[in-house]
file work_26.cif (mmCIF, C-alpha atoms)
data_structure
loop_
_atom_site.label_atom_id
_atom_site.label_comp_id
_atom_site.auth_asym_id
_atom_site.auth_seq_id
_atom_site.Cartn_x
_atom_site.Cartn_y
_atom_site.Cartn_z
CA MET H 1 76.01 307.94 122.94
CA ALA H 2 77.77 310.99 124.37
CA THR H 3 81.51 310.51 124.68
CA ASP H 4 82.21 313.27 127.21
CA ILE H 5 81.08 311.30 130.28
CA PHE H 6 84.59 309.92 130.74
CA ALA H 7 86.87 312.19 132.78
CA ARG H 8 90.62 312.62 132.50
CA ILE H 9 92.44 310.74 135.24
CA GLU H 10 94.42 313.38 137.06
CA HIS H 11 96.83 311.51 139.30
CA SER H 12 97.92 307.87 139.28
CA ARG H 13 97.13 306.77 135.76
CA THR H 14 96.54 303.10 136.45
CA ALA H 15 94.09 300.48 135.27
CA ASP H 16 92.43 300.58 138.71
CA GLU H 17 91.51 304.23 138.23
CA VAL H 18 89.92 303.49 134.84
CA VAL H 19 88.06 300.49 136.29
CA HIS H 20 86.73 302.58 139.18
CA GLN H 21 85.45 305.35 136.93
CA ILE H 22 83.62 303.00 134.56
CA GLU H 23 82.15 301.03 137.48
CA VAL H 24 80.73 304.23 138.95
CA LEU H 25 79.20 305.17 135.59
CA VAL H 26 77.45 301.78 135.43
CA LEU H 27 76.42 301.91 139.09
CA GLU H 28 74.91 305.38 138.75
CA GLY H 29 72.97 304.29 135.66
CA ILE H 30 74.82 306.70 133.37
CA LEU H 31 76.14 303.81 131.30
CA ARG H 32 73.23 301.49 130.61
CA VAL H 33 72.82 297.98 129.26
CA GLY H 34 73.88 297.83 125.61
CA ASP H 35 75.66 301.19 125.57
CA ARG H 36 78.75 301.09 123.40
CA LEU H 37 81.99 302.56 124.71
CA PRO H 38 84.10 304.76 122.43
CA GLY H 39 86.88 303.06 120.48
CA GLU H 40 90.12 302.21 122.24
CA ARG H 41 92.09 305.13 120.82
CA GLU H 42 89.39 307.69 121.71
CA LEU H 43 88.74 306.22 125.17
CA ALA H 44 92.45 306.19 126.06
CA LYS H 45 92.62 309.83 124.97
CA GLN H 46 89.67 310.83 127.16
CA PHE H 47 91.07 309.06 130.21
CA ASP H 48 94.55 310.32 129.32
CA VAL H 49 96.08 306.87 129.85
CA SER H 50 98.10 304.60 127.62
CA ARG H 51 96.31 302.02 125.51
CA PRO H 52 97.95 299.10 127.39
CA ILE H 53 96.53 300.48 130.67
CA LEU H 54 93.11 300.89 129.06
CA ARG H 55 93.17 297.33 127.70
CA GLU H 56 94.06 296.02 131.16
CA ALA H 57 91.12 297.92 132.69
CA LEU H 58 88.65 296.70 130.08
CA LYS H 59 89.83 293.13 130.63
CA VAL H 60 89.18 293.47 134.39
CA LEU H 61 85.69 294.90 133.78
CA GLU H 62 84.88 292.15 131.31
CA GLY H 63 86.02 289.58 133.86
CA ARG H 64 83.64 291.11 136.39
CA GLY H 65 80.76 290.75 133.94
CA LEU H 66 80.23 294.48 133.45
CA LEU H 67 81.43 294.74 129.84
CA ASN H 68 81.26 292.57 126.75
CA THR H 69 83.87 292.92 124.03
CA GLN H 70 82.87 291.76 120.56
CA HIS H 71 85.77 290.98 118.26
CA GLY H 72 85.80 293.72 115.66
CA GLY H 73 82.51 295.09 116.97
CA GLY H 74 83.40 297.20 119.98
CA THR H 75 82.88 297.09 123.74
CA PHE H 76 79.42 297.24 125.31
CA VAL H 77 77.88 297.44 128.78
CA ALA H 78 76.80 293.92 129.71
CA ASP H 79 73.28 292.87 130.67
CA VAL H 80 73.83 293.47 134.36
CA ILE H 81 70.10 293.91 134.98
CA GLY H 82 69.25 290.44 133.73
CA GLN H 83 71.41 288.95 136.45
CA VAL H 84 69.11 290.27 139.21
CA PHE H 85 66.40 287.79 138.20
CA THR H 86 67.81 284.68 136.56
CA ARG H 87 65.84 283.06 133.74
CA PRO H 88 64.66 280.11 135.92
CA VAL H 89 63.39 282.54 138.56
CA MET H 90 61.62 284.66 135.91
CA GLU H 91 59.91 281.57 134.50
CA LEU H 92 58.93 280.44 137.99
CA ILE H 93 57.42 283.84 138.75
CA ALA H 94 55.46 283.79 135.48
CA ARG H 95 53.77 280.50 136.40
CA HIS H 96 52.30 281.69 139.70
CA GLN H 97 49.51 284.25 140.00
CA LYS H 98 50.47 285.27 143.54
CA ALA H 99 53.76 286.60 142.20
CA THR H 100 51.87 289.13 140.06
CA LEU H 101 49.93 290.43 143.07
CA ASP H 102 53.14 290.63 145.10
CA TYR H 103 54.86 292.41 142.22
CA LEU H 104 52.21 295.12 142.07
CA GLU H 105 52.16 295.47 145.86
CA TYR H 106 55.94 295.86 145.84
CA ARG H 107 55.88 298.36 143.00
CA ARG H 108 53.19 300.43 144.73
CA GLU H 109 55.31 301.01 147.81
CA VAL H 110 58.71 301.29 146.12
CA GLU H 111 57.52 303.60 143.35
CA GLY H 112 55.78 305.78 145.94
CA VAL H 113 59.08 306.26 147.75
CA THR H 114 60.94 306.68 144.47
CA ALA H 115 58.60 309.42 143.23
CA GLU H 116 58.85 311.15 146.61
CA PHE H 117 62.66 311.11 146.43
CA ALA H 118 62.54 312.28 142.82
CA ALA H 119 60.43 315.28 143.79
CA ARG H 120 62.93 316.16 146.50
CA ARG H 121 66.13 315.50 144.55
CA ALA H 122 65.54 316.04 140.82
CA THR H 123 68.03 318.41 139.23
CA GLU H 124 67.41 320.77 136.34
CA ALA H 125 68.95 318.18 133.99
CA ASP H 126 66.63 315.51 135.44
CA ARG H 127 63.62 317.72 134.85
CA ALA H 128 64.73 318.42 131.29
CA LEU H 129 64.94 314.69 130.59
CA LEU H 130 61.53 314.03 132.17
CA THR H 131 60.00 316.80 130.06
CA ARG H 132 61.46 315.26 126.91
CA ILE H 133 60.07 311.83 127.84
CA ILE H 134 56.57 313.06 128.75
CA THR H 135 56.44 315.05 125.47
CA SER H 136 57.30 311.87 123.54
CA MET H 137 54.68 309.95 125.51
CA LYS H 138 51.98 312.44 124.58
CA ALA H 139 53.02 312.31 120.92
CA ALA H 140 52.87 308.49 120.89
CA HIS H 141 49.46 308.67 122.57
CA GLN H 142 48.18 310.97 119.83
CA LYS H 143 49.42 308.54 117.17
CA ASP H 144 47.66 305.66 118.93
CA ASP H 145 50.92 303.70 118.78
CA PHE H 146 50.73 301.08 121.54
CA GLU H 147 54.25 299.69 121.09
CA GLU H 148 55.87 303.12 121.18
CA GLU H 149 53.73 304.29 124.08
CA ALA H 150 54.44 301.14 126.10
CA GLY H 151 58.17 301.55 125.53
CA ILE H 152 58.08 305.18 126.64
CA ASP H 153 56.04 304.10 129.69
CA VAL H 154 58.97 301.99 130.90
CA GLU H 155 61.46 304.72 130.01
CA PHE H 156 59.44 307.23 132.06
CA HIS H 157 59.45 305.05 135.17
CA ASN H 158 63.16 304.39 134.72
CA ALA H 159 63.75 308.14 134.55
CA ILE H 160 61.80 308.72 137.77
CA GLY H 161 64.08 306.11 139.35
CA GLU H 162 67.11 308.03 138.11
CA CYS H 163 65.73 311.29 139.53
CA ALA H 164 65.53 309.67 142.98
CA HIS H 165 69.35 309.49 143.06
CA ASN H 166 69.42 306.26 145.04
CA ILE H 167 71.57 303.55 143.47
CA ILE H 168 69.74 300.60 145.08
CA LEU H 169 66.32 301.92 144.05
CA LEU H 170 67.62 302.56 140.53
CA HIS H 171 68.82 299.02 139.86
CA THR H 172 65.98 297.31 141.74
CA LEU H 173 63.40 299.18 139.68
CA ARG H 174 65.23 298.52 136.42
CA SER H 175 65.10 294.79 137.13
CA CYS H 176 61.36 295.09 137.88
CA TYR H 177 60.71 296.98 134.66
CA ARG H 178 62.66 294.37 132.71
CA LEU H 179 60.16 291.77 133.92
CA LEU H 180 57.30 294.09 132.94
CA ALA H 181 58.70 294.78 129.47
CA GLU H 182 59.15 291.05 128.83
CA GLY H 183 55.53 290.33 129.81
CA VAL H 184 56.45 288.08 132.74
CA PHE H 185 53.54 289.23 134.89
CA TYR H 186 50.75 290.26 132.55
CA ASN H 187 50.06 291.35 129.00
CA ARG H 188 50.08 295.14 129.01
CA ALA H 189 48.15 295.20 125.74
CA LEU H 190 45.09 293.86 127.61
CA VAL H 191 45.21 296.77 130.03
CA TYR H 192 45.82 299.35 127.28
CA ASN H 193 42.83 298.05 125.32
CA LEU H 194 40.32 298.57 128.12
CA PRO H 195 37.94 301.44 127.28
CA GLY H 196 39.47 304.73 128.42
CA ALA H 197 42.54 303.06 129.94
CA ARG H 198 45.13 304.71 127.69
CA ASP H 199 43.79 308.18 128.50
CA GLN H 200 43.81 307.44 132.21
CA LEU H 201 47.34 306.01 132.11
CA LEU H 202 48.60 309.11 130.32
CA ALA H 203 46.90 311.36 132.88
CA GLN H 204 48.52 309.37 135.71
CA HIS H 205 51.99 309.70 134.21
CA VAL H 206 51.42 313.43 133.75
CA ALA H 207 50.34 313.69 137.41
CA ILE H 208 53.60 312.05 138.54
CA TYR H 209 55.56 314.31 136.21
CA ASP H 210 53.79 317.46 137.43
CA ALA H 211 54.43 316.58 141.08
CA VAL H 212 58.14 315.96 140.47
CA MET H 213 58.46 319.17 138.44
CA ALA H 214 56.73 321.07 141.26
CA ALA H 215 59.05 319.49 143.85
CA ASN H 216 56.00 318.22 145.76
CA PRO H 217 57.03 314.92 147.47
CA ASP H 218 53.60 314.11 148.96
CA ALA H 219 51.79 314.64 145.66
CA ALA H 220 54.43 312.60 143.83
CA ARG H 221 54.04 309.65 146.21
CA ARG H 222 50.24 309.75 145.96
CA ALA H 223 50.32 310.00 142.17
CA ALA H 224 52.71 307.05 141.84
CA GLN H 225 50.66 304.86 144.18
CA ALA H 226 47.38 305.84 142.49
CA HIS H 227 48.92 304.79 139.18
CA ILE H 228 49.76 301.31 140.46
CA ASP H 229 46.32 301.00 142.08
CA PHE H 230 44.75 301.70 138.70
CA VAL H 231 47.03 299.21 136.92
CA SER H 232 46.09 296.56 139.47
CA ARG H 233 42.36 297.14 139.01
CA ALA H 234 42.66 297.38 135.23
CA MET H 235 44.62 294.15 135.07
CA THR H 236 41.93 292.35 137.05
CA ASP H 237 39.19 293.80 134.85
CA ALA H 238 41.08 292.85 131.69
CA GLU H 239 41.57 289.28 132.88
CA ARG H 240 37.90 288.99 133.88
CA SER H 241 36.60 290.37 130.59
CA GLY H 242 39.02 288.16 128.70
CA ASP H 243 37.82 285.14 130.64
CA TRP H 244 34.19 286.10 130.00
CA GLU H 245 34.92 286.29 126.26
CA ARG H 246 36.65 282.90 126.35
CA VAL H 247 33.72 281.26 128.17
CA SER H 248 31.17 282.89 125.86
CA LYS H 249 32.98 281.59 122.78
CA LEU H 250 33.11 278.08 124.23
CA ARG H 251 29.37 278.21 124.98
CA LEU H 252 28.63 279.35 121.46
CA GLN H 253 30.86 276.65 120.01
CA GLN H 254 29.29 273.96 122.19
CA ARG H 255 25.69 274.98 121.50
CA ALA H 256 26.02 275.72 117.78
CA PRO H 257 24.99 272.21 116.65
CA ASP H 258 21.92 272.25 118.96
CA LEU H 259 20.93 275.70 117.80
CA SER H 260 21.31 274.58 114.20
CA ASP H 261 19.09 271.51 114.81
CA ASN H 262 16.48 273.64 116.59
CA THR H 263 16.43 276.07 113.68
CA LYS H 264 15.94 273.23 111.20
CA THR H 265 13.11 271.76 113.30
CA SER H 266 11.43 275.14 113.62
CA ASN H 267 11.66 275.76 109.87
CA GLN H 268 10.30 272.28 109.13
CA THR H 269 7.34 272.81 111.48
CA GLN H 270 6.52 276.15 109.87
CA THR H 271 6.64 274.53 106.39
CA GLU H 272 4.34 271.69 107.42
CA ALA H 273 1.91 274.14 108.97
CA ALA H 274 1.83 276.16 105.80
CA GLU H 275 1.02 273.05 103.77
#
call {"tool": "encode", "arguments": {"input": "work_26.cif", "output": "structure tokens"}}
result
Amino acid sequence: MATDIFARIEHSRTADEVVHQIEVLVLEGILRVGDRLPGERELAKQFDVSRPILREALKVLEGRGLLNTQHGGGTFVADVIGQVFTRPVMELIARHQKATLDYLEYRREVEGVTAEFAARRATEADRALLTRIITSMKAAHQKDDFEEEAGIDVEFHNAIGECAHNIILLHTLRSCYRLLAEGVFYNRALVYNLPGARDQLLAQHVAIYDAVMAANPDAARRAAQAHIDFVSRAMTDAERSGDWERVSKLRLQQRAPDLSDNTKTSNQTQTEAAE
């Protein structure tokens, strides 16, 4: 990761100042889950504080659950997103179909607002990052690499959330996408495998991207909501076709013995007739 995101502390060089700066970096989504901080010597140099002050600050942040220090392995940003939905809540959500419908309804409205804000607020650096992500998405699409494309899908939506420059939206959406990435609501592979779905999904992401790049808030909102509407329909179609296949296989399995007996009887009758 880049090491120039940490700024020299100009005035009172205290642990509180270091704590505040790192907290803001986590809050703004600049430091993300799993990011490794520079080594103690380098970090103290960038903050321009003594190593005892830095150690005190890191200890405070670890106590607040924002950092994890691995003995001999460095200091990392903790899994702060996972704490939004606890494991029992995630498992509870996964067991109830209504939660999936509510999830998509929620995403439709929130992502519409997020895309609208992104179109209004995206900076040149934001647009550069979005362009890099959409280029990678197109490349993964050409390779027909589902895993890579699905991963970039989540990264794209996270980036739109970052472009909105609203801290609450940013962390709320990240928690939602965590549930999506872990397959809590539905199996994305089923949706991707529907005929023509991958092409349509790519086109929808490009439409969101184009609207944000053009600074068109209305178009961005519509594109984001149309994307979720499609996902909702595709998910229903995938579940229905999957259920049809399951029922058809059970019918075939159940009737196979009868069909076999009927075939034997028919063959026997034809033989007797020939004799």
call {"tool": "atom_distance", "arguments": {"input": "work_26.cif", "atom1": "atom CA of Gln70 of chain H", "atom2": "atom CA of Arg55 of chain H"}}
result
13.7 Å
call {"tool": "atom_distance", "arguments": {"input": "work_26.cif", "atom1": "atom CA of Gly196 of chain H", "atom2": "atom CA of Val113 of chain H"}}
result
27.6 Å
call {"tool": "closest_residue", "arguments": {"input": "work_26.cif", "among": "H:Phe47, H:Thr236, H:Glu62, H:Arg41", "to": "Phe6 of chain H", "atoms": "only C-alpha atoms"}}
result
H:Phe47
call {"tool": "atom_distance", "arguments": {"input": "work_26.cif", "atom1": "atom CA of Glu28 of chain H", "atom2": "atom CA of Ala159 of chain H"}}
result
12.2 Å
call {"tool": "residues_around", "arguments": {"input": "work_26.cif", "residues": "segment 94-107 of chain H", "least_positions_apart": "6", "cutoff": "9 Å", "atoms": "all atoms listed in the file", "output": "PyMOL selection string"}}
result
chain H and resi 173+176+183-186+225+228-229+231-232
call {"tool": "write_last_selection", "arguments": {"input": "work_26.cif", "atoms": "C-alpha atoms", "output": "short mmCIF file (atom, residue, chain, number, x, y, z; two decimals), in the coordinates of the input"}}
result
data_model
loop_
_atom_site.label_atom_id
_atom_site.label_comp_id
_atom_site.auth_asym_id
_atom_site.auth_seq_id
_atom_site.Cartn_x
_atom_site.Cartn_y
_atom_site.Cartn_z
CA LEU H 173 63.40 299.18 139.68
CA CYS H 176 61.36 295.09 137.88
CA GLY H 183 55.53 290.33 129.81
CA VAL H 184 56.45 288.08 132.74
CA PHE H 185 53.54 289.23 134.89
CA TYR H 186 50.75 290.26 132.55
CA GLN H 225 50.66 304.86 144.18
CA ILE H 228 49.76 301.31 140.46
CA ASP H 229 46.32 301.00 142.08
CA VAL H 231 47.03 299.21 136.92
CA SER H 232 46.09 296.56 139.47
#
call {"tool": "closest_residue", "arguments": {"input": "work_26.cif", "among": "H:Tyr192, H:Phe117, H:Phe230, H:Phe76", "to": "Ala164 of chain H", "atoms": "all atoms listed in the file"}}
result
H:Phe117
call {"tool": "closest_residue", "arguments": {"input": "work_26.cif", "among": "H:Glu56, H:Asn187, H:Ala140, H:Phe156", "to": "Glu17 of chain H", "atoms": "all atoms listed in the file"}}
result
H:Glu56
call {"tool": "closest_residue", "arguments": {"input": "work_26.cif", "among": "H:Lys249, H:Arg240, H:Arg178, H:Arg36", "to": "Gly151 of chain H", "atoms": "all atoms listed in the file"}}
result
H:Arg178
call {"tool": "resolve_selection", "arguments": {"input": "work_26.cif", "expression": "the PyMOL selection byres ((chain H and resi 131-134) around 9)", "output": "list in words"}}
result
Asp126, Arg127, Ala128, Leu129, Leu130, Thr135, Ser136, Met137, Lys138, Ala139, Ile152, Asp153, Glu155, Phe156, Ala159, His205, Val206, Tyr209 and Met213 of chain H
call {"tool": "write_last_selection", "arguments": {"input": "work_26.cif", "atoms": "C-alpha atoms", "output": "compact mmCIF listing (two decimals), in the coordinates of the input"}}
result
# COMPACT_ATOMS: atom_id res chain seq x y z
CA ASP H 126 66.63 315.51 135.44
CA ARG H 127 63.62 317.72 134.85
CA ALA H 128 64.73 318.42 131.29
CA LEU H 129 64.94 314.69 130.59
CA LEU H 130 61.53 314.03 132.17
CA THR H 135 56.44 315.05 125.47
CA SER H 136 57.30 311.87 123.54
CA MET H 137 54.68 309.95 125.51
CA LYS H 138 51.98 312.44 124.58
CA ALA H 139 53.02 312.31 120.92
CA ILE H 152 58.08 305.18 126.64
CA ASP H 153 56.04 304.10 129.69
CA GLU H 155 61.46 304.72 130.01
CA PHE H 156 59.44 307.23 132.06
CA ALA H 159 63.75 308.14 134.55
CA HIS H 205 51.99 309.70 134.21
CA VAL H 206 51.42 313.43 133.75
CA TYR H 209 55.56 314.31 136.21
CA MET H 213 58.46 319.17 138.44
call {"tool": "resolve_selection", "arguments": {"input": "work_26.cif", "expression": "the PyMOL selection byres ((chain H and resi 215) around 8)", "output": "list in words"}}
result
Ala119, Arg120, Ala122, Ala211, Val212, Met213, Ala214, Asn216 and Pro217 of chain H
call {"tool": "closest_residue", "arguments": {"input": "work_26.cif", "among": "H:Arg13, H:Lys45, H:His157, H:His227", "to": "Ser175 of chain H", "atoms": "only C-alpha atoms"}}
result
H:His157
call {"tool": "resolve_selection", "arguments": {"input": "work_26.cif", "expression": "the PyMOL selection byres ((chain H and resi 15) around 9)", "output": "ChimeraX atom specification"}}
result
/H:13-14,16-20,49,52-58,60
call {"tool": "closest_residue", "arguments": {"input": "work_26.cif", "among": "H:Val154, H:Ile167, H:Ile208, H:Leu27", "to": "Glu182 of chain H", "atoms": "all atoms listed in the file"}}
result
H:Val154
